[in-house]
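Quick notes on the structure that follows.
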There are 4 protein chains.
Amino acid sequence: MSVLIHFSMFPTDKGTSVSPYVAKSLRIIRDSGLPYKLGPMSTAVEGEWGEVMAVVEKCFAELRKDCSRIYMTLQMDYREGALNRIEGKIKSVEEKL
Amino acid sequence: MSVLIHFSMFPTDKGTSVSPYVAKSLRIIRDSGLPYKLGPMSTAVEGEWGEVMAVVEKCFAELRKDCSRIYMTLQMDYREGALNRIEGKIKSVEEKL
Amino acid sequence: MSVLIHFSMFPTDKGTSVSPYVAKSLRIIRDSGLPYKLGPMSTAVEGEWGEVMAVVEKCFAELRKDCSRIYMTLQMDYREGALNRIEGKIKSVEEKL
Amino acid sequence: MSVLIHFSMFPTDKGTSVSPYVAKSLRIIRDSGLPYKLGPMSTAVEGEWGEVMAVVEKCFAELRKDCSRIYMTLQMDYREGALNRIEGKIKSVEEKL
């Protein structure tokens, strides 16, 4: 019951440069052991619903230590039986180009 | 540690009319007892992170029974110490108009 | 060829309180004459693609005067032939509850 | 006045497999000549507001030929004076890991 999400979470009370906070999240994602892919606007993560949401919650808990306002946008795509979609979806589109 | 989210979750394998599925989610949200507000493109819910995410997960579990592809977009806004924001944020903007 | 969008646009370099900036956008939306609905996390607007996107661009131009970093999330839903959806979609779901 | 967007646009009336439609959009993006990056859940594009939105509109016009319901989610990040952000933002985060 694997899902694919991508999300972007950042403080809005820390001025224009937020990459240190994005790096904190990325470290948590990397240490989760789940497949992930960092993009310019979001990070994709694949796993069971509970697994990926636990990672997102950890990122939130980490940012909340330092930040008094935090925004997140998250998209989720579930396709029954589908696996290894982080690379698979990109390939599937590129093959049709 | 209240957060405000809004989200939209729908099957993409059921053709153009998805309001029966949106209604299933709304019933789950209503039965959660959390403050919520149905909008034309999404439903806002307010509560602890764990509370609102549990509601979102229930909606996903419900849709997964019938649907083999499901999409969700979710936005979260956390503001330290802020409460009753579903109505509060609208009022705050309208006062400044 | 009407579309329904909702969007949220805000500076991320102005600290925790951004409602003055949201109010600037809402004034532009209101003055457009298009049907709209302010929600706690976003504002819905309905019209032709070109009409609604022109409004969004005006909001961006307004915020850019004062802000050096701006974030926006926007969702669009197109349904062939459908009109008056800001109220219609809410009613359609509530009837099924 | 460059902006960075990423977006995902897909029909919801065509069943579970939508990669042919995503490929149509990607062809339009590629042919625009703007810097872009295909990800598993969205495609990032960089350019002037008017340039990137013109590309998004072309994708919509293309899909509308065949599809009676279309959904899009789009995020935009503007940072005054910043350029070459598709690779730059990823590098900036990876350096901090």
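Residues are named by chain letter and number: chains run A, B, ... in the order of the structure tokens, numbers start at 1 in each chain, and ligands are numbered from 1 in the order shown.
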
Checklist entry - Hey, what's within 10 Å of Arg64 (chain C) if we count only C-alpha atoms and toss same-chain stuff fewer than 5 positions away? As an MDAnalysis selection string, please? => result (chainID C and resid 11 58:59 69:70) or (chainID D and resid 1 78:80)

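If we count only C-alpha atoms, these residues of chain C sit within 12 Å of chain A: Phe7, Ser8, Met9, Phe10, Pro11, Thr12, Asp13, Lys14, Gly15, Thr16, Ser17, Val18, Met41, Cys67, Ser68, Arg69, Ile70, Tyr71, Met72, Thr73, Leu74 and Gln75 of chain C.
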
Those same residues, written as a JSON list (two decimals), in the first residue's frame with N, CA and C atoms?
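Result file is result-v4.json:
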```
[["chain", "number", "residue", "atom", "x", "y", "z"],
["C", 7, "PHE", "N", -6.15, 29.82, -4.48],
["C", 7, "PHE", "CA", -4.71, 30.05, -4.30],
["C", 7, "PHE", "C", -4.44, 30.81, -3.02],
["C", 8, "SER", "N", -3.20, 30.69, -2.61],
["C", 8, "SER", "CA", -2.71, 31.38, -1.43],
["C", 8, "SER", "C", -1.36, 31.96, -1.81],
["C", 9, "MET", "N", -1.19, 33.26, -1.65],
["C", 9, "MET", "CA", 0.07, 33.92, -2.00],
["C", 9, "MET", "C", 0.48, 34.80, -0.83],
["C", 10, "PHE", "N", 1.72, 34.64, -0.41],
["C", 10, "PHE", "CA", 2.14, 35.41, 0.78],
["C", 10, "PHE", "C", 3.65, 35.62, 0.77],
["C", 11, "PRO", "N", 4.12, 36.71, 1.37],
["C", 11, "PRO", "CA", 5.55, 36.92, 1.51],
["C", 11, "PRO", "C", 6.11, 35.99, 2.59],
["C", 12, "THR", "N", 7.36, 35.57, 2.42],
["C", 12, "THR", "CA", 7.99, 34.78, 3.48],
["C", 12, "THR", "C", 9.16, 35.54, 4.10],
["C", 13, "ASP", "N", 9.22, 36.83, 3.80],
["C", 13, "ASP", "CA", 10.29, 37.65, 4.39],
["C", 13, "ASP", "C", 9.73, 38.75, 5.28],
["C", 14, "LYS", "N", 8.50, 38.58, 5.75],
["C", 14, "LYS", "CA", 7.86, 39.66, 6.51],
["C", 14, "LYS", "C", 7.44, 39.21, 7.91],
["C", 15, "GLY", "N", 7.96, 38.09, 8.38],
["C", 15, "GLY", "CA", 7.62, 37.63, 9.72],
["C", 15, "GLY", "C", 6.28, 36.94, 9.77],
["C", 16, "THR", "N", 5.77, 36.76, 10.99],
["C", 16, "THR", "CA", 4.62, 35.88, 11.18],
["C", 16, "THR", "C", 3.28, 36.46, 10.72],
["C", 17, "SER", "N", 3.15, 37.78, 10.68],
["C", 17, "SER", "CA", 1.83, 38.36, 10.37],
["C", 17, "SER", "C", 1.76, 38.80, 8.92],
["C", 18, "VAL", "N", 1.01, 38.11, 8.12],
["C", 18, "VAL", "CA", 0.96, 38.44, 6.70],
["C", 18, "VAL", "C", -0.43, 38.85, 6.23],
["C", 41, "MET", "N", -7.56, 29.29, 4.37],
["C", 41, "MET", "CA", -6.21, 28.96, 3.87],
["C", 41, "MET", "C", -5.99, 29.40, 2.43],
["C", 67, "CYS", "N", 7.89, 43.04, -1.28],
["C", 67, "CYS", "CA", 8.38, 41.77, -0.73],
["C", 67, "CYS", "C", 9.50, 41.22, -1.60],
["C", 68, "SER", "N", 10.53, 40.69, -0.98],
["C", 68, "SER", "CA", 11.63, 40.14, -1.77],
["C", 68, "SER", "C", 11.55, 38.62, -1.86],
["C", 69, "ARG", "N", 10.66, 38.03, -1.12],
["C", 69, "ARG", "CA", 10.40, 36.59, -1.33],
["C", 69, "ARG", "C", 8.91, 36.31, -1.16],
["C", 70, "ILE", "N", 8.35, 35.62, -2.14],
["C", 70, "ILE", "CA", 6.91, 35.38, -2.19],
["C", 70, "ILE", "C", 6.68, 33.92, -2.56],
["C", 71, "TYR", "N", 5.74, 33.31, -1.87],
["C", 71, "TYR", "CA", 5.38, 31.92, -2.17],
["C", 71, "TYR", "C", 3.93, 31.87, -2.58],
["C", 72, "MET", "N", 3.61, 30.99, -3.48],
["C", 72, "MET", "CA", 2.22, 30.79, -3.88],
["C", 72, "MET", "C", 1.94, 29.32, -4.08],
["C", 73, "THR", "N", 0.79, 28.88, -3.63],
["C", 73, "THR", "CA", 0.29, 27.58, -4.04],
["C", 73, "THR", "C", -1.09, 27.79, -4.65],
["C", 74, "LEU", "N", -1.32, 27.13, -5.78],
["C", 74, "LEU", "CA", -2.55, 27.33, -6.55],
["C", 74, "LEU", "C", -3.04, 25.97, -7.05],
["C", 75, "GLN", "N", -4.33, 25.74, -6.90],
["C", 75, "GLN", "CA", -4.93, 24.54, -7.49],
["C", 75, "GLN", "C", -6.02, 24.96, -8.47]]
```

Next on the checklist: Neighbouring residues of Gly47 (chain C) were defined as those with any atom within 9 Å, considering only C-alpha atoms; residues of the same chain fewer than 4 positions away were excluded. Please report them as a PyMOL selection string.
Outcome noted: chain C and resi 1-5+34-35+51-52+83

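CA of His6 (chain A) sits 26.0 Å away from CA of Ala61 (chain D).
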
Next on the checklist: Quick check for you: according to DSSP on this backbone, which residues of chain C are classed as strand (DSSP E)? Reply as a PyMOL selection string.
Outcome noted: chain C and resi 2-11+36-38+43-48+69-79

Item to check | Length of the CA of Trp49 (chain B) to CA of Gly39 (chain A) vector [Å] | outcome: 25.2 Å

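CA of Glu46 (chain A) is positioned 20.4 Å from CA of Leu97 (chain D).
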
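By chain and then residue number, the residues within 9 Å of Ser25 (chain D) are D:Met9, D:Pro20, D:Tyr21, D:Val22, D:Ala23, D:Arg27, D:Ile28, D:Ile29, D:Arg30, D:Val55, D:Val56, D:Lys58, D:Cys59, D:Phe60, D:Glu62, D:Leu63, counting only C-alpha atoms and disregarding those fewer than 2 positions away in sequence.
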
Next on the checklist: as a VMD selection string, please: the residues near Pro40 (chain C) (cut-off 7 Å, only C-alpha atoms, same-chain neighbours under 5 positions excluded).
Outcome noted: chain B and resid 86 to 87 89 to 90

N, CA and C atoms of the current selection, written as an mmCIF file, in the first residue's frame:
```cif
data_model
loop_
_atom_site.group_PDB
_atom_site.id
_atom_site.type_symbol
_atom_site.label_atom_id
_atom_site.label_comp_id
_atom_site.auth_asym_id
_atom_site.auth_seq_id
_atom_site.Cartn_x
_atom_site.Cartn_y
_atom_site.Cartn_z
ATOM 1 N N ILE B 86 -9.825 28.990 11.915
ATOM 2 C CA ILE B 86 -10.687 28.803 10.744
ATOM 3 C C ILE B 86 -11.515 30.062 10.508
ATOM 4 N N GLU B 87 -12.098 30.573 11.563
ATOM 5 C CA GLU B 87 -12.828 31.842 11.414
ATOM 6 C C GLU B 87 -11.890 33.035 11.583
ATOM 7 N N LYS B 89 -8.731 33.668 10.786
ATOM 8 C CA LYS B 89 -7.921 34.153 9.671
ATOM 9 C C LYS B 89 -8.778 34.913 8.667
ATOM 10 N N ILE B 90 -9.993 34.436 8.447
ATOM 11 C CA ILE B 90 -10.890 35.143 7.522
ATOM 12 C C ILE B 90 -11.225 36.532 8.069
#
```
